[in-house]
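Chemist: Below you'll find query25.txt; it's compact mmCIF, C-alpha atoms.
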```
# COMPACT_ATOMS: atom_id res chain seq x y z
CA MET A 1 6.69 -40.23 3.20
CA LYS A 2 6.31 -37.12 5.34
CA ILE A 3 4.32 -34.43 3.59
CA VAL A 4 3.56 -30.91 4.78
CA ALA A 5 1.12 -28.66 2.95
CA VAL A 6 -0.14 -25.10 3.13
CA THR A 7 -3.54 -24.04 1.80
CA ALA A 8 -4.69 -20.46 1.19
CA CYS A 9 -7.31 -18.70 -0.91
CA PRO A 10 -8.17 -15.00 -1.41
CA THR A 11 -11.19 -14.81 0.92
CA GLY A 12 -9.81 -17.38 3.30
CA ILE A 13 -13.06 -18.59 4.76
CA ALA A 14 -14.05 -21.69 2.79
CA HIS A 15 -11.74 -22.97 0.04
CA THR A 16 -8.69 -22.82 2.29
CA TYR A 17 -10.29 -25.30 4.68
CA MET A 18 -11.92 -27.48 2.02
CA ALA A 19 -8.57 -27.90 0.29
CA ALA A 20 -6.88 -28.71 3.60
CA GLU A 21 -9.42 -31.40 4.45
CA ALA A 22 -9.26 -32.94 0.98
CA LEU A 23 -5.45 -33.11 1.04
CA GLU A 24 -5.41 -34.71 4.48
CA ILE A 25 -7.82 -37.44 3.44
CA ALA A 26 -6.11 -38.12 0.12
CA ALA A 27 -2.59 -38.31 1.55
CA LYS A 28 -3.65 -40.65 4.36
CA LYS A 29 -5.45 -42.92 1.92
CA LEU A 30 -2.27 -43.17 -0.12
CA GLY A 31 -0.42 -44.17 3.05
CA HIS A 32 1.54 -41.01 3.82
CA THR A 33 1.67 -38.81 6.90
CA ILE A 34 0.61 -35.23 6.28
CA LYS A 35 0.19 -32.00 8.18
CA VAL A 36 -1.75 -29.18 6.54
CA GLU A 37 -1.43 -25.57 7.63
CA THR A 38 -4.28 -23.22 6.73
CA GLN A 39 -3.63 -19.54 6.04
CA GLY A 40 -7.19 -18.21 6.10
CA SER A 41 -8.68 -14.86 7.04
CA ILE A 42 -8.48 -15.84 10.70
CA GLY A 43 -4.70 -16.08 10.27
CA ILE A 44 -2.40 -19.10 10.38
CA GLU A 45 -3.84 -22.24 11.95
CA ASN A 46 -2.34 -25.69 12.52
CA LYS A 47 1.03 -24.05 11.97
CA ILE A 48 3.91 -26.10 10.60
CA THR A 49 6.91 -25.45 12.85
CA SER A 50 10.35 -24.92 11.35
CA LYS A 51 11.32 -28.31 12.84
CA GLU A 52 8.42 -30.05 11.12
CA ALA A 53 9.26 -28.23 7.90
CA ALA A 54 12.88 -29.38 8.14
CA GLU A 55 11.83 -33.01 8.70
CA ALA A 56 9.37 -33.10 5.82
CA ASP A 57 10.25 -34.90 2.57
CA LEU A 58 7.85 -32.99 0.37
CA VAL A 59 6.00 -29.67 0.50
CA ILE A 60 2.70 -28.91 -1.25
CA PHE A 61 1.26 -25.41 -1.62
CA ALA A 62 -2.40 -25.43 -2.62
CA ALA A 63 -2.77 -21.67 -2.71
CA ASP A 64 -4.17 -18.85 -4.84
CA VAL A 65 -2.42 -16.12 -2.86
CA ALA A 66 1.15 -15.67 -1.64
CA VAL A 67 2.05 -18.12 1.13
CA LYS A 68 3.28 -16.41 4.29
CA GLU A 69 6.57 -17.43 5.90
CA ASP A 70 7.51 -19.66 2.99
CA ILE A 71 11.16 -19.29 3.99
CA ARG A 72 10.55 -22.31 6.25
CA PHE A 73 10.35 -24.50 3.15
CA ALA A 74 13.43 -23.24 1.34
CA LYS A 75 15.54 -26.07 -0.12
CA LYS A 76 12.62 -28.53 0.06
CA PRO A 77 10.99 -30.06 -3.01
CA LEU A 78 7.98 -27.80 -3.41
CA TYR A 79 4.95 -28.63 -5.52
CA LYS A 80 2.51 -25.78 -6.19
CA VAL A 81 -1.12 -25.95 -7.35
CA GLU A 82 -4.25 -23.81 -7.07
CA ALA A 83 -6.43 -24.43 -4.01
CA GLN A 84 -9.32 -25.25 -6.36
CA LYS A 85 -7.47 -28.23 -7.83
CA ALA A 86 -6.87 -29.75 -4.41
CA ILE A 87 -10.58 -29.51 -3.64
CA LYS A 88 -11.64 -31.12 -6.93
CA ASN A 89 -9.10 -33.92 -7.03
CA ALA A 90 -6.83 -34.05 -4.02
CA ARG A 91 -5.68 -37.60 -4.81
CA LEU A 92 -4.36 -36.48 -8.19
CA VAL A 93 -2.58 -33.51 -6.60
CA VAL A 94 -0.83 -35.75 -4.08
CA GLU A 95 0.14 -38.27 -6.78
CA GLU A 96 1.51 -35.55 -9.02
CA ALA A 97 3.42 -34.09 -6.09
CA LEU A 98 4.98 -37.50 -5.43
CA LYS A 99 5.94 -37.80 -9.09
CA PHE A 100 7.48 -34.35 -8.87
CA TYR A 101 9.39 -35.48 -5.76
CA GLU A 102 10.81 -38.55 -7.57
CA THR A 103 12.01 -36.59 -10.57
CA ASN A 104 13.51 -33.78 -8.49
CA ALA A 105 14.83 -35.33 -5.29
CA MET B 1 2.29 -13.14 31.35
CA LYS B 2 6.06 -12.73 31.42
CA GLU B 3 6.24 -14.36 28.00
CA GLU B 4 3.70 -11.83 26.74
CA LEU B 5 5.72 -8.88 28.07
CA LYS B 6 8.74 -10.11 26.15
CA ARG B 7 6.64 -10.24 23.02
CA ILE B 8 5.56 -6.60 23.31
CA ARG B 9 8.79 -5.45 21.72
CA VAL B 10 8.25 -7.90 18.87
CA TYR B 11 4.74 -6.49 18.35
CA LEU B 12 6.09 -2.93 18.36
CA MET B 13 8.91 -3.79 15.95
CA THR B 14 6.49 -5.51 13.58
CA GLY B 15 4.39 -2.36 13.44
CA VAL B 16 7.50 -0.21 13.03
CA SER B 17 8.90 -2.37 10.23
CA TYR B 18 5.76 -1.78 8.16
CA MET B 19 5.67 1.90 9.09
CA ILE B 20 9.29 2.75 8.20
CA PRO B 21 8.85 2.90 4.40
CA ILE B 22 5.88 5.22 4.91
CA VAL B 23 7.84 7.52 7.19
CA VAL B 24 10.68 7.57 4.67
CA ILE B 25 8.36 8.35 1.72
CA GLY B 26 6.61 11.11 3.64
CA GLY B 27 9.66 12.52 5.36
CA VAL B 28 11.99 12.56 2.38
CA LEU B 29 9.44 13.99 -0.10
CA ILE B 30 8.27 16.66 2.34
CA ALA B 31 11.87 17.48 3.25
CA PHE B 32 12.90 17.69 -0.40
CA SER B 33 10.03 19.94 -1.44
CA ILE B 34 10.64 22.28 1.51
CA ALA B 35 14.41 22.26 1.04
CA LEU B 36 14.04 23.42 -2.57
CA SER B 37 11.51 26.09 -1.61
CA GLY B 38 12.98 27.53 1.56
CA VAL B 39 11.39 28.90 4.68
CA GLU B 40 9.99 32.42 4.99
CA ALA B 41 9.84 34.68 8.03
CA GLY B 42 6.39 34.71 9.60
CA LYS B 43 5.01 32.06 7.27
CA GLY B 44 7.12 28.95 7.67
CA ALA B 45 7.65 26.55 4.81
CA ASN B 46 6.65 28.30 1.61
CA VAL B 47 6.24 25.78 -1.21
CA THR B 48 4.92 27.47 -4.37
CA ASN B 49 6.38 25.67 -7.41
CA PRO B 50 3.52 23.46 -8.71
CA MET B 51 5.72 20.41 -9.08
CA LEU B 52 7.08 20.80 -5.57
CA VAL B 53 3.56 21.33 -4.23
CA ASN B 54 2.58 17.99 -5.74
CA MET B 55 5.65 16.35 -4.27
CA LEU B 56 4.73 17.83 -0.90
CA ASN B 57 1.19 16.46 -1.25
CA ILE B 58 2.47 12.97 -2.05
CA GLY B 59 4.62 13.13 1.05
CA VAL B 60 1.71 14.39 3.15
CA ALA B 61 -0.44 11.52 1.84
CA ALA B 62 2.18 9.04 3.05
CA PHE B 63 2.43 10.78 6.43
CA SER B 64 -1.33 10.60 6.88
CA MET B 65 -1.05 6.79 6.79
CA MET B 66 1.82 6.60 9.25
CA VAL B 67 -0.13 6.15 12.49
CA PRO B 68 -2.83 3.88 10.96
CA VAL B 69 -0.18 1.56 9.52
CA LEU B 70 1.69 1.47 12.83
CA ALA B 71 -1.52 0.58 14.68
CA GLY B 72 -2.72 -1.86 12.02
CA PHE B 73 0.46 -3.89 11.99
CA ILE B 74 0.94 -3.91 15.75
CA ALA B 75 -2.54 -5.49 15.82
CA TYR B 76 -1.47 -7.84 13.00
CA ALA B 77 1.50 -9.02 15.05
CA ILE B 78 -0.79 -9.79 17.98
CA ALA B 79 -3.87 -11.25 16.29
CA ASP B 80 -2.62 -12.13 12.77
CA ARG B 81 -4.87 -11.12 9.84
CA PRO B 82 -8.04 -10.29 11.80
CA GLY B 83 -6.09 -7.58 13.64
CA ILE B 84 -5.14 -5.52 10.59
CA ALA B 85 -8.47 -3.89 9.69
CA PRO B 86 -9.54 -2.86 13.22
CA GLY B 87 -5.98 -1.70 13.91
CA LEU B 88 -6.03 0.56 10.83
CA VAL B 89 -9.40 1.97 11.89
CA GLY B 90 -8.16 2.59 15.42
CA GLY B 91 -5.05 4.27 14.03
CA VAL B 92 -7.06 6.69 11.88
CA LEU B 93 -9.17 7.55 14.93
CA ALA B 94 -6.01 8.11 16.98
CA GLY B 95 -5.11 10.70 14.35
CA ASN B 96 -8.60 12.24 14.43
CA VAL B 97 -8.51 12.76 18.19
CA LYS B 98 -4.95 14.14 17.81
CA ALA B 99 -3.46 11.37 19.95
CA GLY B 100 -0.35 11.09 17.75
CA PHE B 101 1.77 7.97 17.38
CA LEU B 102 1.52 7.11 21.09
CA GLY B 103 -2.27 7.00 20.62
CA GLY B 104 -1.67 4.80 17.57
CA ILE B 105 0.39 2.35 19.63
CA ILE B 106 -2.42 2.17 22.19
CA ALA B 107 -4.99 1.63 19.40
CA GLY B 108 -2.86 -1.13 17.87
CA PHE B 109 -2.46 -3.03 21.12
CA ILE B 110 -6.12 -2.74 22.04
CA ALA B 111 -7.28 -3.81 18.57
CA GLY B 112 -4.81 -6.71 18.55
CA TYR B 113 -5.72 -8.06 21.96
CA ILE B 114 -9.47 -7.74 21.41
CA ALA B 115 -9.27 -9.43 18.00
CA ARG B 116 -7.15 -12.23 19.45
CA TRP B 117 -9.58 -12.67 22.33
CA ILE B 118 -12.61 -12.91 20.01
CA LYS B 119 -10.67 -15.33 17.79
CA GLY B 120 -10.49 -17.66 20.78
CA TRP B 121 -14.24 -17.81 21.29
CA LYS B 122 -15.70 -21.24 20.87
CA VAL B 123 -18.37 -20.90 18.19
CA PRO B 124 -20.46 -23.50 16.32
CA LYS B 125 -18.85 -24.71 13.11
CA GLN B 126 -21.54 -23.03 11.00
CA LEU B 127 -20.62 -19.62 12.45
CA LYS B 128 -16.88 -20.03 11.91
CA PRO B 129 -16.70 -18.59 8.38
CA VAL B 130 -18.35 -15.30 9.41
CA MET B 131 -16.05 -14.77 12.40
CA PRO B 132 -12.98 -13.42 10.58
CA ILE B 133 -14.80 -11.28 8.01
CA PHE B 134 -17.75 -10.05 10.05
CA VAL B 135 -17.76 -10.59 13.78
CA ILE B 136 -14.12 -9.95 14.65
CA PRO B 137 -13.54 -6.80 12.55
CA ILE B 138 -16.82 -5.12 13.47
CA LEU B 139 -16.81 -5.87 17.20
CA THR B 140 -13.11 -5.04 17.51
CA SER B 141 -13.44 -1.77 15.57
CA LEU B 142 -16.41 -0.68 17.67
CA ALA B 143 -14.50 -1.40 20.85
CA VAL B 144 -11.20 0.22 19.87
CA GLY B 145 -12.94 3.11 18.08
CA GLY B 146 -15.24 3.86 20.99
CA LEU B 147 -12.29 3.80 23.32
CA MET B 148 -10.28 6.22 21.16
CA ILE B 149 -13.20 8.65 20.91
CA TYR B 150 -14.63 8.55 24.45
CA VAL B 151 -11.75 7.52 26.69
CA ILE B 152 -8.73 9.00 24.91
CA GLY B 153 -10.11 11.86 22.80
CA THR B 154 -11.73 14.09 25.46
CA PRO B 155 -8.90 13.97 28.02
CA ILE B 156 -6.41 14.83 25.27
CA SER B 157 -8.23 17.98 24.20
CA ASN B 158 -8.62 19.02 27.87
CA LEU B 159 -4.94 18.33 28.45
CA MET B 160 -3.96 20.44 25.45
CA THR B 161 -5.94 23.43 26.72
CA ALA B 162 -4.45 23.04 30.20
CA MET B 163 -0.89 22.79 28.88
CA THR B 164 -1.33 25.87 26.67
CA ASP B 165 -2.48 27.92 29.68
CA TRP B 166 0.42 26.56 31.69
CA LEU B 167 2.94 27.60 29.03
CA LYS B 168 1.40 31.09 28.90
CA ALA B 169 1.94 31.43 32.64
CA MET B 170 5.48 30.01 32.37
CA SER B 171 6.45 32.46 29.62
CA MET B 172 6.37 35.30 32.19
CA GLY B 173 9.17 33.58 34.10
CA ASN B 174 12.66 32.31 33.30
CA ALA B 175 13.36 31.86 29.57
CA VAL B 176 15.79 28.96 30.08
CA VAL B 177 13.31 26.98 32.22
CA LEU B 178 10.63 27.61 29.60
CA ALA B 179 12.99 26.37 26.88
CA LEU B 180 13.84 23.22 28.86
CA ILE B 181 10.15 22.38 29.23
CA MET B 182 9.18 23.22 25.66
CA GLY B 183 12.16 21.29 24.28
CA ALA B 184 11.13 18.18 26.20
CA MET B 185 7.54 18.63 25.05
CA ILE B 186 8.55 18.86 21.38
CA ALA B 187 10.43 15.56 21.62
CA PHE B 188 7.94 13.69 23.81
CA ASP B 189 5.39 12.61 21.20
CA MET B 190 6.74 14.11 17.93
CA GLY B 191 3.62 15.44 16.25
CA GLY B 192 1.26 14.28 18.99
CA PRO B 193 -0.72 16.54 21.33
CA VAL B 194 2.14 17.55 23.65
CA ASN B 195 4.39 18.43 20.72
CA LYS B 196 1.61 20.42 19.07
CA VAL B 197 0.95 22.52 22.19
CA ALA B 198 4.61 23.56 22.40
CA PHE B 199 4.90 24.19 18.66
CA MET B 200 1.65 26.19 18.43
CA PHE B 201 2.69 28.25 21.43
CA GLY B 202 6.05 29.09 19.86
CA ALA B 203 4.36 29.91 16.55
CA ALA B 204 1.77 32.11 18.30
CA MET B 205 4.55 34.10 19.97
CA ILE B 206 6.04 34.89 16.54
CA SER B 207 2.85 36.64 15.50
CA GLU B 208 3.12 38.70 18.70
CA GLY B 209 6.63 39.74 17.71
CA VAL B 210 8.48 37.54 20.23
CA PHE B 211 10.99 35.37 18.36
CA THR B 212 13.02 33.97 21.26
CA VAL B 213 10.36 31.39 22.19
CA MET B 214 10.32 29.81 18.73
CA GLY B 215 14.16 29.89 18.55
CA PRO B 216 14.69 27.16 21.19
CA VAL B 217 11.69 25.27 19.76
CA ALA B 218 13.29 25.32 16.29
CA VAL B 219 16.36 23.67 17.83
CA ALA B 220 14.32 21.08 19.76
CA ILE B 221 12.39 20.16 16.59
CA CYS B 222 15.41 18.81 14.72
CA VAL B 223 17.25 17.20 17.66
CA PRO B 224 15.30 13.87 17.82
CA PRO B 225 15.77 12.82 14.15
CA LEU B 226 19.33 14.16 13.89
CA GLY B 227 20.23 12.65 17.27
CA MET B 228 18.84 9.22 16.40
CA GLY B 229 20.44 9.34 12.96
CA LEU B 230 23.81 10.12 14.54
CA ALA B 231 23.24 7.39 17.14
CA THR B 232 22.82 4.71 14.43
CA LEU B 233 26.10 5.84 12.85
CA LEU B 234 28.00 5.85 16.16
CA ALA B 235 26.81 2.42 17.38
CA PRO B 236 25.54 0.39 14.41
CA ASN B 237 25.49 -2.82 16.48
CA LYS B 238 22.69 -1.41 18.65
CA TYR B 239 20.25 -1.01 15.77
CA THR B 240 18.54 -3.46 13.42
CA GLU B 241 19.09 -3.23 9.66
CA THR B 242 15.73 -1.53 9.15
CA GLU B 243 16.53 0.96 11.90
CA LYS B 244 19.86 1.78 10.28
CA ASP B 245 18.06 2.52 7.01
CA ALA B 246 15.61 4.68 8.93
CA GLY B 247 18.66 6.48 10.39
CA TYR B 248 19.63 7.96 7.01
CA GLY B 249 16.05 9.08 6.44
CA ALA B 250 16.01 10.60 9.92
CA LEU B 251 19.14 12.66 9.19
CA ALA B 252 17.56 14.07 6.01
CA MET B 253 14.30 14.81 7.80
CA GLY B 254 16.12 16.43 10.74
CA MET B 255 17.89 18.91 8.47
CA ILE B 256 14.49 20.12 7.27
CA GLY B 257 12.91 20.13 10.73
CA ILE B 258 10.67 17.07 10.46
CA THR B 259 10.67 15.65 13.98
CA GLU B 260 8.64 12.62 12.86
CA GLY B 261 11.86 11.09 11.45
CA ALA B 262 12.61 9.77 14.94
CA ILE B 263 9.22 8.08 15.38
CA PRO B 264 10.34 4.65 14.09
CA PHE B 265 12.98 4.55 16.82
CA ALA B 266 10.65 5.82 19.53
CA ALA B 267 7.84 3.45 18.57
CA GLY B 268 10.19 0.46 18.54
CA ASP B 269 11.76 1.12 21.93
CA PRO B 270 9.78 3.90 23.64
CA LEU B 271 11.15 3.54 27.17
CA LYS B 272 14.75 4.11 26.11
CA VAL B 273 14.36 6.41 23.10
CA ILE B 274 11.74 8.89 24.30
CA PRO B 275 13.61 9.95 27.50
CA SER B 276 16.84 10.29 25.48
CA ILE B 277 15.37 12.56 22.81
CA MET B 278 13.45 14.58 25.41
CA PHE B 279 16.67 15.15 27.32
CA GLY B 280 18.62 16.08 24.16
CA SER B 281 15.91 18.42 22.87
CA ALA B 282 15.56 20.09 26.28
CA ILE B 283 19.32 20.68 26.55
CA GLY B 284 19.50 21.98 22.96
CA ALA B 285 16.57 24.32 23.56
CA ALA B 286 18.11 25.57 26.82
CA VAL B 287 21.42 26.35 25.07
CA ALA B 288 19.44 28.26 22.44
CA ALA B 289 17.60 30.22 25.15
CA ILE B 290 20.89 31.12 26.86
CA GLY B 291 22.23 32.24 23.46
CA LYS B 292 19.05 34.28 22.85
CA VAL B 293 18.34 32.47 19.58
CA GLY B 294 15.30 33.82 17.77
CA ASP B 295 13.36 32.26 14.90
CA HIS B 296 11.08 34.29 12.64
CA ALA B 297 9.39 31.29 10.98
CA PRO B 298 7.01 28.74 12.53
CA HIS B 299 9.33 25.90 11.49
CA GLY B 300 12.46 24.23 12.83
CA GLY B 301 15.74 22.57 11.94
CA PRO B 302 18.82 23.86 10.11
CA ILE B 303 16.66 24.89 7.13
CA VAL B 304 15.36 27.92 9.08
CA LEU B 305 18.90 29.29 9.47
CA PRO B 306 18.27 32.24 7.06
CA VAL B 307 15.49 33.59 9.30
CA VAL B 308 17.26 32.94 12.62
CA ASP B 309 18.78 35.54 14.99
CA ASN B 310 22.13 34.61 16.59
CA ARG B 311 22.92 31.97 13.98
CA LEU B 312 26.15 30.74 15.57
CA MET B 313 24.37 29.98 18.84
CA PHE B 314 21.60 28.22 16.90
CA ILE B 315 24.16 25.90 15.29
CA ILE B 316 25.92 25.29 18.60
CA ALA B 317 22.60 24.53 20.31
CA VAL B 318 21.66 22.00 17.61
CA LEU B 319 25.06 20.29 17.81
CA VAL B 320 24.89 20.08 21.60
CA GLY B 321 21.34 18.69 21.59
CA VAL B 322 22.12 16.14 18.85
CA THR B 323 25.30 14.92 20.54
CA VAL B 324 23.63 14.62 23.95
CA THR B 325 20.73 12.62 22.41
CA ALA B 326 23.01 10.22 20.54
CA PHE B 327 25.22 9.52 23.56
CA VAL B 328 22.36 9.09 26.03
CA VAL B 329 20.38 6.74 23.78
CA ASN B 330 23.40 4.64 22.89
CA TYR B 331 24.30 4.42 26.57
CA LEU B 332 20.82 3.09 27.37
CA LYS B 333 20.48 0.74 24.41
CA LYS B 334 21.92 -2.77 24.34
CA PRO B 335 23.38 -4.38 21.21
CA VAL B 336 20.71 -6.18 19.20
CA THR B 337 20.72 -9.96 19.39
CA GLY B 338 19.42 -11.40 16.15
CA GLU B 339 17.41 -9.46 13.63
CA ILE B 340 13.79 -8.80 14.52
CA SER B 341 11.97 -8.71 11.24
CA GLY B 342 8.40 -7.87 10.51
CA ASP B 343 6.95 -11.00 9.03
CA ASN B 344 8.26 -14.07 10.70
CA SER B 345 9.04 -13.20 14.25
CA PHE B 346 5.65 -13.02 15.89
CA SER B 347 4.40 -16.51 15.36
CA ALA B 348 7.71 -18.35 15.05
```
Output the file's structure as structure tokens, nothing else.
Modeler:
Amino acid sequence: MKIVAVTACPTGIAHTYMAAEALEIAAKKLGHTIKVETQGSIGIENKITSKEAAEADLVIFAADVAVKEDIRFAKKPLYKVEAQKAIKNARLVVEEALKFYETNA
Amino acid sequence: MKEELKRIRVYLMTGVSYMIPIVVIGGVLIAFSIALSGVEAGKGANVTNPMLVNMLNIGVAAFSMMVPVLAGFIAYAIADRPGIAPGLVGGVLAGNVKAGFLGGIIAGFIAGYIARWIKGWKVPKQLKPVMPIFVIPILTSLAVGGLMIYVIGTPISNLMTAMTDWLKAMSMGNAVVLALIMGAMIAFDMGGPVNKVAFMFGAAMISEGVFTVMGPVAVAICVPPLGMGLATLLAPNKYTETEKDAGYGALAMGMIGITEGAIPFAAGDPLKVIPSIMFGSAIGAAVAAIGKVGDHAPHGGPIVLPVVDNRLMFIIAVLVGVTVTAFVVNYLKKPVTGEISGDNSFSA
């Protein structure tokens, strides 16, 4: 399964990146490919291109603030959680997102 | 490098797209409060009704943010989030040193490029979190702020004194040549230093009892917004959706003599728009000088008609200037290919 994710938090200096790292590890452990874009105070990093967005099966937003350029992910199954939750239990977030994908796709 | 040059228009349009609502708030509220109050000989806009005074103040508050927002979001387009804060600071300083919206554009580009450059520094992982909230904004603001104060501020005030003396000397000579020059000056930076010199000179002549200097200026003041507004109606395919919306605002502002209504167009495409409006304003002002149009109020646009001498020539001069502007700018501009919007274009 191809997953893309965006993480963002209000200050954008710590939680954004912790959530991103946690999601990457959890998704890979579960045997999926993932790319995580961070929208921190430095701006967008590891940007998901519109092509990558189009090819993805599932989109996860782990964000406490509005995600920029979310038009890229229109029409994709989109699972939203707080950034905090991805840091605490990224595996659960990914599993719930997959469940969401099965019931909605 | 060539890639980067192409992107400059995207940076400008990003800044403009965030600035347009502010220009519309300021322009329309100021225009409305002045339109309902009228313009008085010798005094200019005379807003006295308390509710209209408040409306005017709301509009002025919006206008005071115009240049900072333009600068802040040009920097945002270049450097993403770290550009915004230093860009805003640079924009406020551009206003303080009276550099107008052209100074704001310079501030935005400098802030954006410096912030982007510092973003690229290789720093130890432990330092990374303090870069975007501490190092980048403070270093960038110091750099862009220092530049605005030391490098841009002093030459501008010297230039303004020199231009004022020059106009004084010119006013002894041919009235039509003076009108051509002052008309072009009014349109050049719309509220910036060059515009202010011409406007203040015209206003000063009123207090000396000479009304035929302000007359052509009053025509030149309303030509840029009215001309650009007309241009968007004549060739809608050459303007983006946001520019077309700004066109209606510009028409309203032009009627009340708020030159700033044309700034969104000029900031988005300076090399084509500024020469067009300068040409149109100069021609309009020259027609007014030939027709010996006088203006008794330090204000411009059709709203001053009650305090104008030779009203028919005033109207003709405005129509000529507006038509010339619209045709020249539409001749220079190419149809837009694809909408350039504020948010998504710069990093896509």
Chemist: Just need the residues of chain B within 6 Å of chain A, counting all atoms listed in the file, so spit them out as a PyMOL selection string.
Modeler: chain B and resi 80-82+129+132
Chemist: Compile the contact shell of Lys35 (chain A) as number ranges by chain: residues with an atom at most 7 Å away, counting only C-alpha atoms, same-chain residues fewer than 3 positions apart removed.
Modeler: A: 3-5
Chemist: Quick one: residues within 6 Å of region 81-84 of chain A, all atoms listed in the file counted, chain neighbours fewer than 2 positions away excluded, as a PyMOL selection string?
Modeler: chain A and resi 19+62-64+86-87
Chemist: Between CA of Glu102 (chain A) and CA of Glu55 (chain A), what distance in Å does the model show, to one decimal?
Modeler: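 We find that CA of Glu102 (chain A) and CA of Glu55 (chain A) lie 17.2 Å from each other.
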Chemist: Tell me which protein, DNA and RNA residues are within 9 Å of region 156-159 of chain B, counting all atoms listed in the file, leaving out same-chain ones fewer than 5 positions away, and put them as number ranges by chain.
Modeler: B: 97-99, 164, 193-194
Chemist: So how many Å separate CA of Thr161 (chain B) and CA of Ile149 (chain B), to one decimal?
Modeler: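 Separating CA of Thr161 (chain B) from CA of Ile149 (chain B) is a distance of 17.5 Å.
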